[in-house]
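Source file: work.cif (mmCIF, C-alpha atoms)
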data_final
#
loop_
_atom_site.label_atom_id
_atom_site.label_comp_id
_atom_site.auth_asym_id
_atom_site.auth_seq_id
_atom_site.Cartn_x
_atom_site.Cartn_y
_atom_site.Cartn_z
CA MET A 528 0.00 0.00 0.00
CA ASN A 529 1.40 3.39 -0.98
CA GLU A 530 -0.77 5.44 1.36
CA LYS A 531 1.05 7.29 4.11
CA ASN A 532 -1.24 7.72 7.09
CA ILE A 533 -0.34 9.06 10.51
CA CYS A 534 -2.26 9.37 13.78
CA PHE A 535 -1.27 11.73 16.60
CA TYR A 536 -2.99 10.94 19.88
CA HIS A 537 -2.98 12.12 23.50
CA ASP A 538 -0.93 10.12 26.00
CA ASP A 539 -3.84 9.13 28.25
CA THR A 540 -6.47 6.38 28.25
CA ASP A 541 -8.91 8.38 26.11
CA GLY A 542 -6.21 9.19 23.57
CA ARG A 543 -4.93 5.61 23.47
CA MET A 544 -8.42 4.19 23.00
CA SER A 545 -8.94 6.78 20.24
CA ALA A 546 -5.75 5.59 18.53
CA ALA A 547 -6.81 1.94 18.91
CA ILE A 548 -10.07 2.78 17.12
CA VAL A 549 -8.09 4.41 14.30
CA LYS A 550 -5.81 1.36 14.21
CA GLY A 551 -8.82 -0.92 13.78
CA ASN A 552 -10.12 1.16 10.86
CA VAL A 553 -7.03 2.37 8.97
CA LEU A 554 -4.44 0.06 7.49
CA ASP A 555 -0.84 1.13 7.17
CA CYS A 556 -0.89 3.92 9.73
CA LYS A 557 1.93 5.25 11.90
CA PHE A 558 0.97 6.13 15.49
CA VAL A 559 2.61 8.91 17.48
CA GLU A 560 1.73 9.42 21.14
CA MET A 561 1.79 13.11 22.10
CA LYS A 562 2.34 14.85 25.43
CA TYR A 563 1.57 18.50 26.00
CA GLY A 564 4.83 20.43 26.28
CA PHE A 565 6.50 18.43 23.48
CA ASP A 566 9.49 19.87 21.58
CA GLU A 567 7.80 21.88 18.81
CA ASN A 568 10.98 22.42 16.79
CA GLU A 569 11.74 18.70 16.71
CA PHE A 570 8.12 17.90 15.84
CA PHE A 571 8.11 20.43 12.99
CA LYS A 572 11.33 19.00 11.52
CA LYS A 573 10.24 15.37 11.88
CA TYR A 574 6.57 15.46 10.91
CA ILE A 575 5.92 18.59 8.84
CA VAL A 576 9.01 19.66 6.87
CA SER A 577 9.36 17.56 3.69
CA GLN A 578 6.48 15.24 4.68
CA THR A 579 3.21 14.60 2.90
CA TYR A 580 0.41 12.33 4.04
CA ASP A 581 -2.65 10.69 2.62
CA LYS A 582 -4.53 10.94 5.93
CA VAL A 583 -3.64 12.73 9.16
CA PHE A 584 -5.60 11.90 12.31
CA VAL A 585 -5.34 14.07 15.42
CA VAL A 586 -7.40 12.44 18.18
CA ASP A 587 -8.04 13.66 21.72
CA PHE A 588 -5.32 16.26 21.15
CA SER A 589 -4.62 19.51 19.36
CA PHE A 590 -1.55 21.32 18.14
CA CYS A 591 -1.04 25.06 17.81
CA GLU A 592 -3.02 26.55 14.94
CA GLU A 593 0.06 26.81 12.70
CA PHE A 594 0.83 23.09 13.04
CA MET A 595 -2.80 22.10 12.50
CA VAL A 596 -2.92 24.19 9.31
CA ALA A 597 0.44 22.81 8.15
CA LEU A 598 -0.72 19.22 8.70
CA GLY A 599 -3.92 20.02 6.82
CA ILE A 600 -1.95 21.44 3.90
CA LYS A 601 0.44 18.46 3.90
CA SER A 602 -2.36 15.85 3.74
CA ASN A 603 -5.08 14.75 1.36
CA GLU A 604 -7.43 14.27 4.30
CA PHE A 605 -7.22 15.86 7.77
CA ILE A 606 -9.35 14.30 10.52
CA TRP A 607 -9.51 15.89 13.96
CA CYS A 608 -11.63 14.54 16.82
CA ASP A 609 -11.38 16.43 20.09
CA HIS A 610 -13.43 17.40 23.13
CA HIS A 611 -11.17 19.84 24.98
CA LYS A 612 -12.63 23.25 25.78
CA SER A 613 -9.19 24.86 25.53
CA ALA A 614 -8.92 23.83 21.85
CA MET A 615 -12.42 25.15 21.12
CA GLU A 616 -11.59 28.50 22.73
CA LYS A 617 -8.11 28.90 21.21
CA TYR A 618 -8.90 27.69 17.69
CA PRO A 619 -12.54 28.46 16.84
CA LEU A 620 -11.92 28.50 13.06
CA LEU A 621 -10.40 25.03 13.25
CA TRP A 622 -13.00 23.75 15.74
CA ASN A 623 -15.88 24.89 13.52
CA ASN A 624 -14.13 23.95 10.25
CA GLU A 625 -14.30 27.54 8.99
CA LEU A 626 -10.77 27.88 7.57
CA LYS A 627 -12.02 27.60 3.97
CA GLN A 628 -14.63 30.31 4.43
CA LYS A 629 -12.66 32.80 6.54
CA THR A 630 -9.01 32.40 5.52
CA GLN A 631 -6.89 31.75 2.46
CA PHE A 632 -6.35 28.12 3.51
CA ASN A 633 -8.34 25.59 1.53
CA ILE A 634 -8.48 22.97 4.27
CA ASP A 635 -11.50 20.84 5.07
CA ILE A 636 -11.20 19.54 8.61
CA LYS A 637 -13.12 16.31 8.93
CA GLY A 638 -13.88 14.55 12.17
CA LEU A 639 -16.05 15.45 15.12
CA ARG A 640 -15.59 17.94 17.91
CA SER A 641 -17.83 18.23 20.95
CA LEU A 642 -17.42 19.16 24.60
CA ASP A 643 -20.04 16.57 25.57
CA LYS A 644 -18.27 13.40 24.42
CA SER A 645 -14.87 11.83 24.92
CA GLY A 646 -12.26 11.72 22.19
CA CYS A 647 -12.64 7.95 21.79
CA ARG A 648 -16.42 8.24 21.41
CA LEU A 649 -15.97 10.97 18.79
CA ILE A 650 -13.56 8.93 16.64
CA TRP A 651 -15.75 5.84 17.08
CA GLU A 652 -18.77 7.84 15.88
CA TYR A 653 -16.71 9.27 13.00
CA PHE A 654 -15.91 5.77 11.72
CA ASN A 655 -19.43 4.48 12.38
CA SER A 656 -21.59 7.37 11.15
CA PRO A 657 -24.34 7.65 10.16
CA GLN A 658 -25.32 4.32 11.69
CA TYR A 659 -23.79 5.07 15.15
CA GLU A 660 -27.18 6.30 16.32
CA TYR A 661 -28.55 2.79 15.78
CA ILE A 662 -25.78 0.61 17.18
CA SER A 663 -24.37 0.36 20.68
CA ILE A 664 -21.23 2.18 21.73
CA PRO A 665 -18.52 -0.32 22.78
CA TYR A 666 -18.47 -0.91 26.53
CA ALA A 667 -14.79 0.01 26.85
CA VAL A 668 -15.47 3.35 25.13
CA GLU A 669 -18.39 4.02 27.51
CA LEU A 670 -16.21 3.34 30.56
CA ILE A 671 -13.30 5.44 29.36
CA GLU A 672 -15.67 8.29 28.54
CA ASP A 673 -17.26 7.91 31.98
CA PHE A 674 -13.85 8.52 33.54
CA ASP A 675 -12.50 11.11 31.09
CA LEU A 676 -15.56 13.37 31.41
CA TRP A 677 -15.75 12.79 35.18
CA ILE A 678 -19.29 11.43 35.03
CA PHE A 679 -18.74 8.15 36.96
CA LYS A 680 -22.21 6.77 36.24
CA TYR A 681 -20.79 3.21 36.05
CA GLY A 682 -19.13 3.48 39.47
CA GLU A 683 -16.83 0.59 40.31
CA LYS A 684 -16.79 -0.72 36.71
CA THR A 685 -15.17 2.52 35.59
CA HIS A 686 -12.76 2.43 38.51
CA TYR A 687 -11.65 -1.17 37.87
CA LEU A 688 -11.11 -0.72 34.14
CA LEU A 689 -9.13 2.47 34.59
CA GLU A 690 -7.06 1.03 37.41
CA ALA A 691 -6.10 -1.85 35.12
CA ILE A 692 -5.13 0.28 32.10
CA VAL A 693 -4.19 3.73 33.37
CA PHE A 694 -0.48 3.18 32.72
CA GLU A 695 -0.92 0.92 29.69
CA ASP A 696 0.50 2.36 26.47
CA ASN A 697 0.22 -0.66 24.16
CA LEU A 698 -2.50 0.03 21.59
CA ASN A 699 -3.09 -3.73 21.21
CA VAL A 700 -4.43 -3.81 24.78
CA PHE A 701 -6.97 -1.15 23.88
CA GLN A 702 -7.94 -3.04 20.72
CA TYR A 703 -8.40 -6.15 22.87
CA LEU A 704 -10.76 -4.21 25.16
CA LEU A 705 -12.75 -3.03 22.13
CA SER A 706 -13.22 -6.53 20.78
CA ASN A 707 -13.67 -8.45 24.07
CA TYR A 708 -15.64 -5.97 26.14
CA SER A 709 -17.73 -4.68 23.33
CA TYR A 710 -21.13 -3.62 24.57
CA MET A 711 -22.85 -2.55 27.77
CA GLU A 712 -24.58 -5.23 29.78
CA SER A 713 -28.30 -4.74 30.28
#
Show the structure stored in the file as structure tokens.
Amino acid sequence: MNEKNICFYHDDTDGRMSAAIVKGNVLDCKFVEMKYGFDENEFFKKYIVSQTYDKVFVVDFSFCEEFMVALGIKSNEFIWCDHHKSAMEKYPLLWNNELKQKTQFNIDIKGLRSLDKSGCRLIWEYFNSPQYEYISIPYAVELIEDFDLWIFKYGEKTHYLLEAIVFEDNLNVFQYLLSNYSYMES
């Protein structure tokens, strides 16, 4: 496959589950875990200068506006799923996908952004729309969202899952949770 796909994701359970969902839906994709406070100069040299991509995914994370625009320019398809209020407030043109209308940049930002859902739910809905309204959200996604949004409606179930995976950084573990703990029990 000649496609060059890359996924940047937040270094927490929501970000890792988001990346695992991308991994289950996109073949031939490189995954890069991101921490806030990363070395911007190194990132720019490694991932933006002289790079082009078929698809760029940014899940449960955001970069500064200049990097987001650069990644959009350097890709055929730019997909951003995020739920952080700080990103919505700092980058309203990106958040609302208004770059084409209000700037000289011809970038269409796909993906979903909402303050009411976790990053992993947003990317799951992105890959499963429009039918996501008619099928159940995976159980593991529900539990991670329950923790990430500080809802805690599932009580001990949320606590036990997060205690088991909070320091896990292997995306295969998150894919295992998606396939083996798929849907909420009645």
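Take atom CA of A:Lys531 and atom CA of A:Pro665: the distance between them is 28.1 Å.
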List the neighbours of stretch 630-642 of chain A out to 9 Å using all atoms listed in the file; skip same-chain residues closer than 2 positions along the sequence, and give me the result as a PDB file with C-alpha atoms, in the frame of the given file.
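Full text of part_5.pdb as output:
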ATOM      1  CA  PHE A 584      -5.600  11.900  12.310  1.00  0.00           C
ATOM      2  CA  VAL A 596      -2.920  24.190   9.310  1.00  0.00           C
ATOM      3  CA  GLY A 599      -3.920  20.020   6.820  1.00  0.00           C
ATOM      4  CA  ILE A 600      -1.950  21.440   3.900  1.00  0.00           C
ATOM      5  CA  GLU A 604      -7.430  14.270   4.300  1.00  0.00           C
ATOM      6  CA  PHE A 605      -7.220  15.860   7.770  1.00  0.00           C
ATOM      7  CA  ILE A 606      -9.350  14.300  10.520  1.00  0.00           C
ATOM      8  CA  TRP A 607      -9.510  15.890  13.960  1.00  0.00           C
ATOM      9  CA  CYS A 608     -11.630  14.540  16.820  1.00  0.00           C
ATOM     10  CA  ASP A 609     -11.380  16.430  20.090  1.00  0.00           C
ATOM     11  CA  HIS A 610     -13.430  17.400  23.130  1.00  0.00           C
ATOM     12  CA  HIS A 611     -11.170  19.840  24.980  1.00  0.00           C
ATOM     13  CA  LYS A 612     -12.630  23.250  25.780  1.00  0.00           C
ATOM     14  CA  MET A 615     -12.420  25.150  21.120  1.00  0.00           C
ATOM     15  CA  LEU A 620     -11.920  28.500  13.060  1.00  0.00           C
ATOM     16  CA  LEU A 621     -10.400  25.030  13.250  1.00  0.00           C
ATOM     17  CA  TRP A 622     -13.000  23.750  15.740  1.00  0.00           C
ATOM     18  CA  ASN A 623     -15.880  24.890  13.520  1.00  0.00           C
ATOM     19  CA  ASN A 624     -14.130  23.950  10.250  1.00  0.00           C
ATOM     20  CA  GLU A 625     -14.300  27.540   8.990  1.00  0.00           C
ATOM     21  CA  LEU A 626     -10.770  27.880   7.570  1.00  0.00           C
ATOM     22  CA  LYS A 627     -12.020  27.600   3.970  1.00  0.00           C
ATOM     23  CA  GLN A 628     -14.630  30.310   4.430  1.00  0.00           C
ATOM     24  CA  LYS A 644     -18.270  13.400  24.420  1.00  0.00           C
ATOM     25  CA  SER A 645     -14.870  11.830  24.920  1.00  0.00           C
ATOM     26  CA  GLY A 646     -12.260  11.720  22.190  1.00  0.00           C
ATOM     27  CA  LEU A 649     -15.970  10.970  18.790  1.00  0.00           C
ATOM     28  CA  ILE A 650     -13.560   8.930  16.640  1.00  0.00           C
ATOM     29  CA  GLU A 652     -18.770   7.840  15.880  1.00  0.00           C
ATOM     30  CA  TYR A 653     -16.710   9.270  13.000  1.00  0.00           C
TER      31      TYR A 653
END
Task: Contact residues around A:Asp675 with only C-alpha atoms at 12 Å, ignoring same-chain residues under 4 positions, as a PyMOL selection string - done: chain A and resi 539-542+544+587+610-611+642-648+668-671+679-680+685-686+689+693
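Considering the residues A:Leu676, A:Ile575, A:Cys591, A:Ala667 and counting only C-alpha atoms, A:Ile692 has its shortest atom-to-atom contact with A:Ala667.
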TODO: Find the residues near stretch 576-580 of chain A: any atom within 7 Å, counting only C-alpha atoms, skip ones fewer than 6 places away on the same chain, and give them as a PyMOL selection string.
DONE: chain A and resi 531-532+601-603
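Using all atoms listed in the file for every distance, the candidate list A:Glu567, A:Asp581, A:Glu560, A:Glu592 yields A:Glu560 as the residue closest to A:Asp696.
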Open item on the list: Please report the interatomic distance between atom CA of A:Gln702 and atom CA of A:Gly551 in Å with one decimal.
Closed with: 7.3 Å
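When atom CA of A:Glu690 is paired with atom CA of A:Phe588, their separation reads 22.3 Å.
With distances restricted to only C-alpha atoms, A:Val553 is the closest residue to A:Phe654 from A:Ile533, A:Val553, A:Val700, A:Val559.
Between A:Arg543 and the candidates A:Asn568, A:Ser589, A:Asn699, A:Ser613, the tightest atom-to-atom separation, counting only C-alpha atoms, involves A:Asn699.
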